[in-house]
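To keep things clear, I will list the structure first and then write my remarks on it.
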Amino acid sequence: MKLLQVTVCLISLILVVPSVFAASSSEDFDFFYFVQQWPGSYCDTQKSCCYPTSGKPAADFGIHGLWPNYKDGTYPSNCDATKPFDSSTISDLVSSMKRNWPTLACPSGSGEAFWEHEWEKHGTCSQSVINQHEYFQTSLGLKQKTNLLGALTKAGINPDGNSYSLESIRGSIKASTGFTPWIECNRDGSGNSQLYQVYLCVDRSASGLIECPVFPHGKCGAQIEFPSF
Ligand code: 5GP
Ligand code: 5GP
């Protein structure tokens, strides 16, 4: 009888314990994608773009977002409607955000709508690790640290409208940051494949770059254009 009770107890433990872990991890995440966009490739598409109200951004990569992700390639989104974007919590960062996280969507805006979207869709899903101020501060720090344009130009890859091999683009970013990037392409107004966004991965405590556990889907050509801006 005792043996039966112990067995039943053990079986329920085996069944219950993993589901408790699964429940907590399904609300969490495994790593971040840190995504930067090339403004020339956002603007030269058929859809075109609008400069922010503060004027034409610098010819440099801009931040798109810091996106919590799961190792299986899926991701959580819009995790907490009780924590809306609050620009008063990031007033010390706004001038740097205007320079480093400019909005190019139409109609022209200050950037607030873009930052609000990124916080609400993605940032609210990483609050177990970083709060709103840390979310934006971490992203600004990563942009500076990765210096993508510096990595590319050092390798002779310039935003001059010429085509470069995808391998050389990847290789130069790997050589400079130490980590393999994922390159996303889009098409210019004439249909040519071009360098649009660069994904790097960040560990789940947001302390530094890691090799990506999984890459997004999609494909560039072997040679891609690097348009001017
Ligand atoms: P698209 O469909 O244009 O690739 O992506 C649209 C939006 O979905 C992105 O801007 C981003 O907010 C989200 N998204 C797309 N792919 C991923 C991904 O692999 N991970 C995460 N976390 N978000 C993604
Ligand atoms: P995601 O693709 O991150 O889910 O959503 C991007 C949202 O931010 C879209 O609604 C898009 O219109 C808006 N947005 C505003 N400015 C920009 C920008 O400069 N680049 C991109 N990719 N989206 C922007």
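The way I read the labels, and the way they are meant: chains A, B, ... in the order of the structure tokens, residue 1 as the first residue of every chain, and ligand 1 as the first ligand shown, with later ones counted on from there.
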Chain A near ligand 2 within 7 Å: what's each residue's closest atom pair and its distance in Å to one decimal, counting only C-alpha atoms and all ligand atoms, ordered by chain then ascending residue number, as CSV?
residue,atom,partner,partner_atom_place_in_ligand_line,distance
A:His64,CA,ligand 2,20 (N),6.1
A:Gly65,CA,ligand 2,3 (O),6.6
A:Pro102,CA,ligand 2,19 (O),6.1
A:Thr103,CA,ligand 2,19 (O),3.7
A:Leu104,CA,ligand 2,19 (O),3.7
A:Ala105,CA,ligand 2,16 (N),4.2
A:Gly111,CA,ligand 2,16 (N),6.9
A:Ala113,CA,ligand 2,15 (C),6.7
A:Phe114,CA,ligand 2,15 (C),4.4
A:His117,CA,ligand 2,8 (O),6.0
A:Glu118,CA,ligand 2,3 (O),5.9
**Asked** Given a cut-off of 6 Å, what residues near ligand 1 show up using only C-alpha atoms and all ligand atoms, put as a PyMOL selection string?
**Response** chain A and resi 67-69+75+216
Determine, for each residue of stretch 7-122 of chain A having at least one atom at most 9 Å from an atom of stretch 186-193 of chain A, the closest pair of atoms and their separation in Å to one decimal, counting only C-alpha atoms; order by chain and ascending number, as CSV.
residue,atom,partner,partner_atom,distance
A:Ser41,CA,A:Asp188,CA,6.9
A:Tyr42,CA,A:Asn186,CA,8.4
A:Cys43,CA,A:Asp188,CA,8.5
A:Asp44,CA,A:Asp188,CA,5.4
A:Thr45,CA,A:Asp188,CA,4.4
A:Gln46,CA,A:Gly189,CA,4.8
A:Lys47,CA,A:Gly189,CA,8.3
A:Ser48,CA,A:Gly189,CA,8.7
**Request:** Please identify all polymer residues within 8 Å of stretch 220-228 of chain A, counting only C-alpha atoms, omitting same-chain residues fewer than 4 positions from it, and present them as JSON, numbers by chain.
**Result:** {"A": [40, 41, 59, 158, 159, 160, 161, 162, 163, 164, 165, 166, 167, 183, 184, 185, 192, 193, 194, 195]}
Could you give me, as a tab-separated table, a per-residue list for stretch 176-226 of chain A showing, wherever an atom lies at most 9 Å from an atom of stretch 71-74 of chain A, the closest pair of atoms and their distance in Å to one decimal, using only C-alpha atoms and sorting by chain then residue number from low to high?
residue	atom	partner	partner_atom	distance
A:Cys212	CA	A:Lys71	CA	8.9
A:Pro213	CA	A:Lys71	CA	5.9
A:Val214	CA	A:Lys71	CA	6.2
A:Phe215	CA	A:Gly73	CA	7.4
A:Pro216	CA	A:Gly73	CA	7.0
Export of prior selection with C-alpha atoms as a PDB file, in the first residue's frame:
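Result file part-v9.pdb:
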ATOM      1  CA  CYS A 212      22.193  33.794 -32.525  1.00  0.00           C
ATOM      2  CA  PRO A 213      20.434  30.644 -31.239  1.00  0.00           C
ATOM      3  CA  VAL A 214      18.222  30.787 -34.362  1.00  0.00           C
ATOM      4  CA  PHE A 215      18.101  33.017 -37.412  1.00  0.00           C
ATOM      5  CA  PRO A 216      14.975  34.573 -38.940  1.00  0.00           C
TER       6      PRO A 216
END
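One finds atom CA of A:Thr146 at 6.0 Å from atom CA of A:Thr177.
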**Prompt:** Pick from A:Leu149, A:Cys50, A:Cys125, A:Ile157: nearest to A:Trp38, with only C-alpha atoms counted?
**Reply:** A:Leu149
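Omitting A:Ser54 and its sequence neighbours fewer than 5 positions away, and counting only C-alpha atoms, the residues within 10 Å are Lys98, Arg99, Pro102, Ser108, Gly109, Ser110 and Gly111 of chain A.
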**Asked** What are the DSSP strand (DSSP E) residues of stretch 120-226 of chain A, as a PyMOL selection string?
**Response** chain A and resi 163-165+182-187+193-203+209-210+223-225
Just to be explicit: take each residue in the selection above, keep N, CA, C and O atoms, and write the result as a short mmCIF file (atom, residue, chain, number, x, y, z; two decimals), in the first residue's frame.
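Written file, result.cif:
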data_model
loop_
_atom_site.label_atom_id
_atom_site.label_comp_id
_atom_site.auth_asym_id
_atom_site.auth_seq_id
_atom_site.Cartn_x
_atom_site.Cartn_y
_atom_site.Cartn_z
N SER A 163 27.09 47.11 -55.62
CA SER A 163 26.73 45.81 -55.05
C SER A 163 27.93 45.17 -54.39
O SER A 163 29.06 45.31 -54.88
N TYR A 164 27.68 44.50 -53.31
CA TYR A 164 28.74 43.81 -52.55
C TYR A 164 28.26 42.40 -52.27
O TYR A 164 27.05 42.14 -52.19
N SER A 165 29.22 41.48 -52.06
CA SER A 165 28.80 40.11 -51.78
C SER A 165 28.26 40.03 -50.36
O SER A 165 28.77 40.68 -49.43
N TRP A 182 22.67 38.46 -38.98
CA TRP A 182 21.71 38.03 -39.99
C TRP A 182 21.38 39.27 -40.82
O TRP A 182 21.12 40.35 -40.29
N ILE A 183 21.44 39.12 -42.14
CA ILE A 183 21.16 40.26 -43.02
C ILE A 183 19.78 40.08 -43.66
O ILE A 183 19.49 39.02 -44.22
N GLU A 184 18.97 41.12 -43.55
CA GLU A 184 17.65 41.11 -44.20
C GLU A 184 17.69 42.06 -45.38
O GLU A 184 18.18 43.18 -45.26
N CYS A 185 17.18 41.61 -46.50
CA CYS A 185 17.15 42.46 -47.70
C CYS A 185 15.73 42.89 -48.04
O CYS A 185 14.77 42.23 -47.67
N ASN A 186 15.64 44.01 -48.73
CA ASN A 186 14.38 44.39 -49.37
C ASN A 186 14.72 44.80 -50.80
O ASN A 186 15.84 44.54 -51.26
N ARG A 187 13.77 45.38 -51.51
CA ARG A 187 14.02 45.72 -52.91
C ARG A 187 13.89 47.21 -53.14
O ARG A 187 12.98 47.85 -52.62
N SER A 193 17.79 43.60 -55.06
CA SER A 193 17.93 43.19 -53.66
C SER A 193 18.98 44.07 -52.97
O SER A 193 20.06 44.30 -53.51
N GLN A 194 18.64 44.59 -51.82
CA GLN A 194 19.57 45.50 -51.13
C GLN A 194 19.60 45.26 -49.62
O GLN A 194 18.67 44.70 -49.04
N LEU A 195 20.69 45.74 -49.01
CA LEU A 195 20.91 45.60 -47.56
C LEU A 195 19.92 46.47 -46.79
O LEU A 195 20.00 47.70 -46.82
N TYR A 196 18.98 45.84 -46.08
CA TYR A 196 17.93 46.60 -45.40
C TYR A 196 18.13 46.62 -43.88
O TYR A 196 18.26 47.66 -43.27
N GLN A 197 18.18 45.41 -43.26
CA GLN A 197 18.32 45.38 -41.80
C GLN A 197 19.39 44.38 -41.38
O GLN A 197 19.61 43.37 -42.04
N VAL A 198 20.04 44.68 -40.27
CA VAL A 198 21.06 43.79 -39.70
C VAL A 198 20.59 43.35 -38.32
O VAL A 198 20.24 44.18 -37.48
N TYR A 199 20.57 42.02 -38.10
CA TYR A 199 20.16 41.44 -36.82
C TYR A 199 21.40 40.92 -36.10
O TYR A 199 22.18 40.17 -36.69
N LEU A 200 21.54 41.31 -34.84
CA LEU A 200 22.56 40.71 -33.98
C LEU A 200 21.81 40.19 -32.75
O LEU A 200 20.73 40.68 -32.42
N CYS A 201 22.37 39.21 -32.07
CA CYS A 201 21.67 38.64 -30.92
C CYS A 201 22.32 39.06 -29.61
O CYS A 201 23.53 39.27 -29.53
N VAL A 202 21.46 39.20 -28.60
CA VAL A 202 21.86 39.68 -27.28
C VAL A 202 21.36 38.67 -26.25
O VAL A 202 20.24 38.15 -26.39
N ASP A 203 22.16 38.40 -25.24
CA ASP A 203 21.76 37.43 -24.22
C ASP A 203 20.54 37.92 -23.43
O ASP A 203 20.26 39.11 -23.42
N LEU A 209 26.41 40.85 -26.62
CA LEU A 209 26.11 40.09 -27.83
C LEU A 209 26.41 38.61 -27.62
O LEU A 209 27.30 38.26 -26.85
N ILE A 210 25.65 37.78 -28.31
CA ILE A 210 25.89 36.33 -28.34
C ILE A 210 25.73 35.86 -29.79
O ILE A 210 25.20 36.61 -30.62
N GLN A 223 24.80 38.78 -54.23
CA GLN A 223 25.34 40.15 -54.34
C GLN A 223 24.19 41.09 -54.02
O GLN A 223 23.11 40.97 -54.60
N ILE A 224 24.43 42.03 -53.10
CA ILE A 224 23.34 42.96 -52.76
C ILE A 224 23.82 44.40 -52.80
O ILE A 224 24.98 44.71 -52.54
N GLU A 225 22.88 45.25 -53.11
CA GLU A 225 23.18 46.68 -53.25
C GLU A 225 23.26 47.33 -51.86
O GLU A 225 22.55 46.94 -50.94
#
So which residues of stretch 50-204 of chain A fall under helix (DSSP H, G or I) by DSSP, listed as a compact mmCIF listing (two decimals) with N, CA, C and O atoms, in the first residue's frame?
# COMPACT_ATOMS: atom_id res chain seq x y z
N SER A 87 6.95 58.82 -22.24
CA SER A 87 8.17 59.53 -22.64
C SER A 87 8.82 60.27 -21.47
O SER A 87 10.01 60.56 -21.52
N SER A 88 8.05 60.50 -20.39
CA SER A 88 8.64 61.22 -19.25
C SER A 88 9.71 60.36 -18.55
O SER A 88 10.58 60.88 -17.88
N THR A 89 9.64 59.03 -18.75
CA THR A 89 10.65 58.17 -18.11
C THR A 89 11.96 58.14 -18.91
O THR A 89 12.97 57.63 -18.43
N ILE A 90 11.93 58.68 -20.14
CA ILE A 90 13.15 58.62 -20.97
C ILE A 90 13.56 60.01 -21.46
O ILE A 90 14.25 60.13 -22.48
N VAL A 94 15.95 61.27 -24.97
CA VAL A 94 15.24 61.63 -26.20
C VAL A 94 16.15 62.26 -27.26
O VAL A 94 16.04 61.94 -28.45
N SER A 95 17.08 63.11 -26.89
CA SER A 95 17.89 63.74 -27.94
C SER A 95 18.78 62.69 -28.62
O SER A 95 18.96 62.71 -29.84
N SER A 96 19.30 61.74 -27.87
CA SER A 96 20.08 60.66 -28.47
C SER A 96 19.18 59.75 -29.31
O SER A 96 19.59 59.26 -30.37
N MET A 97 17.95 59.53 -28.87
CA MET A 97 17.03 58.68 -29.64
C MET A 97 16.69 59.31 -30.98
O MET A 97 16.58 58.63 -31.99
N LYS A 98 16.53 60.65 -30.99
CA LYS A 98 16.22 61.32 -32.26
C LYS A 98 17.34 61.09 -33.27
O LYS A 98 17.11 60.95 -34.46
N ARG A 99 18.58 61.05 -32.78
CA ARG A 99 19.71 60.83 -33.69
C ARG A 99 19.90 59.36 -34.04
O ARG A 99 20.24 59.03 -35.18
N ASN A 100 19.72 58.47 -33.06
CA ASN A 100 20.08 57.06 -33.26
C ASN A 100 18.91 56.12 -33.54
O ASN A 100 19.13 54.98 -33.91
N GLU A 112 8.29 59.49 -31.54
CA GLU A 112 7.55 58.95 -30.39
C GLU A 112 6.65 57.77 -30.76
O GLU A 112 6.57 56.80 -30.02
N ALA A 113 5.98 57.87 -31.91
CA ALA A 113 5.04 56.80 -32.29
C ALA A 113 5.79 55.50 -32.57
O ALA A 113 5.32 54.41 -32.22
N PHE A 114 7.00 55.61 -33.17
CA PHE A 114 7.84 54.44 -33.47
C PHE A 114 8.33 53.82 -32.15
O PHE A 114 8.23 52.62 -31.94
N TRP A 115 8.84 54.68 -31.25
CA TRP A 115 9.36 54.18 -29.97
C TRP A 115 8.24 53.55 -29.15
O TRP A 115 8.44 52.52 -28.51
N GLU A 116 7.08 54.19 -29.19
CA GLU A 116 5.92 53.67 -28.46
C GLU A 116 5.55 52.28 -28.98
O GLU A 116 5.32 51.35 -28.22
N HIS A 117 5.53 52.14 -30.31
CA HIS A 117 5.21 50.85 -30.93
C HIS A 117 6.21 49.78 -30.50
O HIS A 117 5.83 48.66 -30.14
N GLU A 118 7.50 50.12 -30.56
CA GLU A 118 8.54 49.14 -30.21
C GLU A 118 8.45 48.74 -28.74
O GLU A 118 8.60 47.58 -28.38
N TRP A 119 8.23 49.73 -27.86
CA TRP A 119 8.09 49.42 -26.43
C TRP A 119 6.87 48.53 -26.19
O TRP A 119 6.96 47.50 -25.52
N GLU A 120 5.73 48.92 -26.76
CA GLU A 120 4.51 48.20 -26.43
C GLU A 120 4.50 46.80 -27.03
O GLU A 120 4.09 45.84 -26.39
N LYS A 121 4.98 46.68 -28.28
CA LYS A 121 5.00 45.35 -28.91
C LYS A 121 6.09 44.45 -28.34
O LYS A 121 5.84 43.28 -28.06
N GLY A 123 9.14 45.67 -26.04
CA GLY A 123 9.73 46.01 -24.75
C GLY A 123 8.94 45.47 -23.57
O GLY A 123 9.52 45.00 -22.58
N THR A 124 7.61 45.50 -23.66
CA THR A 124 6.78 45.02 -22.55
C THR A 124 6.99 43.53 -22.29
O THR A 124 6.62 43.04 -21.23
N CYS A 125 7.61 42.82 -23.23
CA CYS A 125 7.83 41.38 -23.04
C CYS A 125 9.17 41.07 -22.39
O CYS A 125 9.48 39.90 -22.14
N SER A 126 9.98 42.10 -22.12
CA SER A 126 11.27 41.84 -21.47
C SER A 126 11.38 42.54 -20.12
O SER A 126 12.47 42.75 -19.61
N GLN A 132 11.51 50.22 -18.72
CA GLN A 132 11.37 51.04 -19.92
C GLN A 132 12.62 51.88 -20.18
O GLN A 132 13.11 51.96 -21.32
N HIS A 133 13.16 52.52 -19.16
CA HIS A 133 14.36 53.33 -19.33
C HIS A 133 15.53 52.46 -19.78
O HIS A 133 16.26 52.80 -20.72
N GLU A 134 15.67 51.29 -19.15
CA GLU A 134 16.77 50.39 -19.50
C GLU A 134 16.60 49.83 -20.91
O GLU A 134 17.60 49.59 -21.62
N TYR A 135 15.36 49.63 -21.33
CA TYR A 135 15.08 49.10 -22.67
C TYR A 135 15.67 50.05 -23.73
O TYR A 135 16.36 49.62 -24.67
N PHE A 136 15.40 51.34 -23.58
CA PHE A 136 15.88 52.31 -24.56
C PHE A 136 17.38 52.58 -24.39
O PHE A 136 18.13 52.67 -25.37
N GLN A 137 17.83 52.66 -23.13
CA GLN A 137 19.25 52.91 -22.87
C GLN A 137 20.13 51.76 -23.39
O GLN A 137 21.17 51.98 -24.00
N THR A 138 19.67 50.53 -23.16
CA THR A 138 20.41 49.35 -23.63
C THR A 138 20.52 49.38 -25.16
O THR A 138 21.58 49.11 -25.73
N SER A 139 19.42 49.73 -25.82
CA SER A 139 19.42 49.75 -27.28
C SER A 139 20.41 50.80 -27.80
O SER A 139 21.17 50.53 -28.74
N LEU A 140 20.40 51.98 -27.18
CA LEU A 140 21.33 53.03 -27.60
C LEU A 140 22.78 52.58 -27.41
O LEU A 140 23.64 52.80 -28.27
N GLY A 141 23.04 51.90 -26.30
CA GLY A 141 24.39 51.40 -26.02
C GLY A 141 24.84 50.37 -27.05
O GLY A 141 25.99 50.36 -27.51
N LEU A 142 23.91 49.50 -27.45
CA LEU A 142 24.23 48.45 -28.42
C LEU A 142 24.53 49.05 -29.79
O LEU A 142 25.42 48.60 -30.51
N LYS A 143 23.78 50.10 -30.14
CA LYS A 143 24.00 50.75 -31.44
C LYS A 143 25.43 51.30 -31.50
O LYS A 143 26.15 51.12 -32.49
N GLN A 144 25.82 51.97 -30.40
CA GLN A 144 27.15 52.57 -30.36
C GLN A 144 28.23 51.49 -30.39
O GLN A 144 29.21 51.60 -31.10
N LYS A 145 27.99 50.42 -29.62
CA LYS A 145 28.99 49.37 -29.49
C LYS A 145 29.17 48.60 -30.79
O LYS A 145 30.29 48.20 -31.13
N THR A 146 28.09 48.39 -31.54
CA THR A 146 28.22 47.56 -32.74
C THR A 146 28.76 48.36 -33.93
O THR A 146 29.39 47.77 -34.80
N LEU A 148 27.94 49.50 -36.91
CA LEU A 148 27.86 48.73 -38.15
C LEU A 148 28.49 49.45 -39.34
O LEU A 148 29.20 48.83 -40.14
N LEU A 149 28.21 50.75 -39.45
CA LEU A 149 28.75 51.46 -40.62
C LEU A 149 30.28 51.47 -40.57
O LEU A 149 30.93 51.28 -41.59
N GLY A 150 30.84 51.64 -39.38
CA GLY A 150 32.29 51.58 -39.21
C GLY A 150 32.85 50.22 -39.63
O GLY A 150 33.88 50.14 -40.30
N ALA A 151 32.13 49.15 -39.23
CA ALA A 151 32.57 47.79 -39.56
C ALA A 151 32.60 47.59 -41.08
O ALA A 151 33.56 47.02 -41.63
N LEU A 152 31.57 48.09 -41.76
CA LEU A 152 31.47 47.90 -43.21
C LEU A 152 32.48 48.75 -43.96
O LEU A 152 33.20 48.27 -44.85
N THR A 153 32.57 50.03 -43.59
CA THR A 153 33.47 50.92 -44.35
C THR A 153 34.94 50.53 -44.15
O THR A 153 35.74 50.66 -45.06
N LYS A 154 35.25 50.01 -42.96
CA LYS A 154 36.63 49.54 -42.71
C LYS A 154 37.01 48.44 -43.69
O LYS A 154 38.18 48.26 -44.04
N LEU A 166 27.21 39.25 -50.22
CA LEU A 166 26.59 39.04 -48.91
C LEU A 166 27.65 38.51 -47.93
O LEU A 166 27.70 38.91 -46.77
N GLU A 167 28.51 37.63 -48.45
CA GLU A 167 29.57 37.05 -47.61
C GLU A 167 30.51 38.10 -47.06
O GLU A 167 30.91 38.06 -45.90
N SER A 168 30.87 39.10 -47.90
CA SER A 168 31.80 40.13 -47.43
C SER A 168 31.12 41.03 -46.41
O SER A 168 31.76 41.51 -45.46
N ILE A 169 29.84 41.26 -46.57
CA ILE A 169 29.08 42.08 -45.61
C ILE A 169 29.02 41.37 -44.26
O ILE A 169 29.36 41.92 -43.22
N ARG A 170 28.60 40.10 -44.32
CA ARG A 170 28.55 39.30 -43.09
C ARG A 170 29.91 39.21 -42.42
O ARG A 170 30.04 39.39 -41.21
N GLY A 171 30.93 38.93 -43.25
CA GLY A 171 32.28 38.73 -42.72
C GLY A 171 32.82 39.98 -42.03
O GLY A 171 33.46 39.90 -40.99
N SER A 172 32.55 41.16 -42.62
CA SER A 172 33.10 42.39 -42.03
C SER A 172 32.43 42.69 -40.69
O SER A 172 33.08 43.18 -39.76
N ILE A 173 31.14 42.39 -40.57
CA ILE A 173 30.44 42.64 -39.30
C ILE A 173 30.89 41.62 -38.24
O ILE A 173 31.11 41.96 -37.09
N LYS A 174 31.12 40.40 -38.70
CA LYS A 174 31.62 39.38 -37.77
C LYS A 174 33.03 39.74 -37.28
O LYS A 174 33.35 39.62 -36.10
N ALA A 175 33.86 40.20 -38.21
CA ALA A 175 35.25 40.55 -37.84
C ALA A 175 35.27 41.68 -36.83
O ALA A 175 36.09 41.71 -35.92
N SER A 176 34.33 42.62 -36.97
CA SER A 176 34.36 43.79 -36.11
C SER A 176 33.63 43.59 -34.78
O SER A 176 34.08 44.05 -33.74
N THR A 177 32.48 42.89 -34.80
CA THR A 177 31.71 42.72 -33.55
C THR A 177 32.04 41.41 -32.84
O THR A 177 31.75 41.26 -31.66
**Item:** Of the listed residues A:Phe229, A:Gln127, A:Ser205, A:Pro84, that which approaches A:Asp60 most closely, counting only C-alpha atoms
**Value:** A:Phe229
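Here atom CA of A:Pro52 stands at a distance of 21.8 Å from atom CA of A:Phe34.
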**Asked** Which value, in Å to one decimal, gives the distance between atom CA of A:Gly55 and atom CA of A:Tyr33?
**Response**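 Distance between the two atoms: 27.9 Å.
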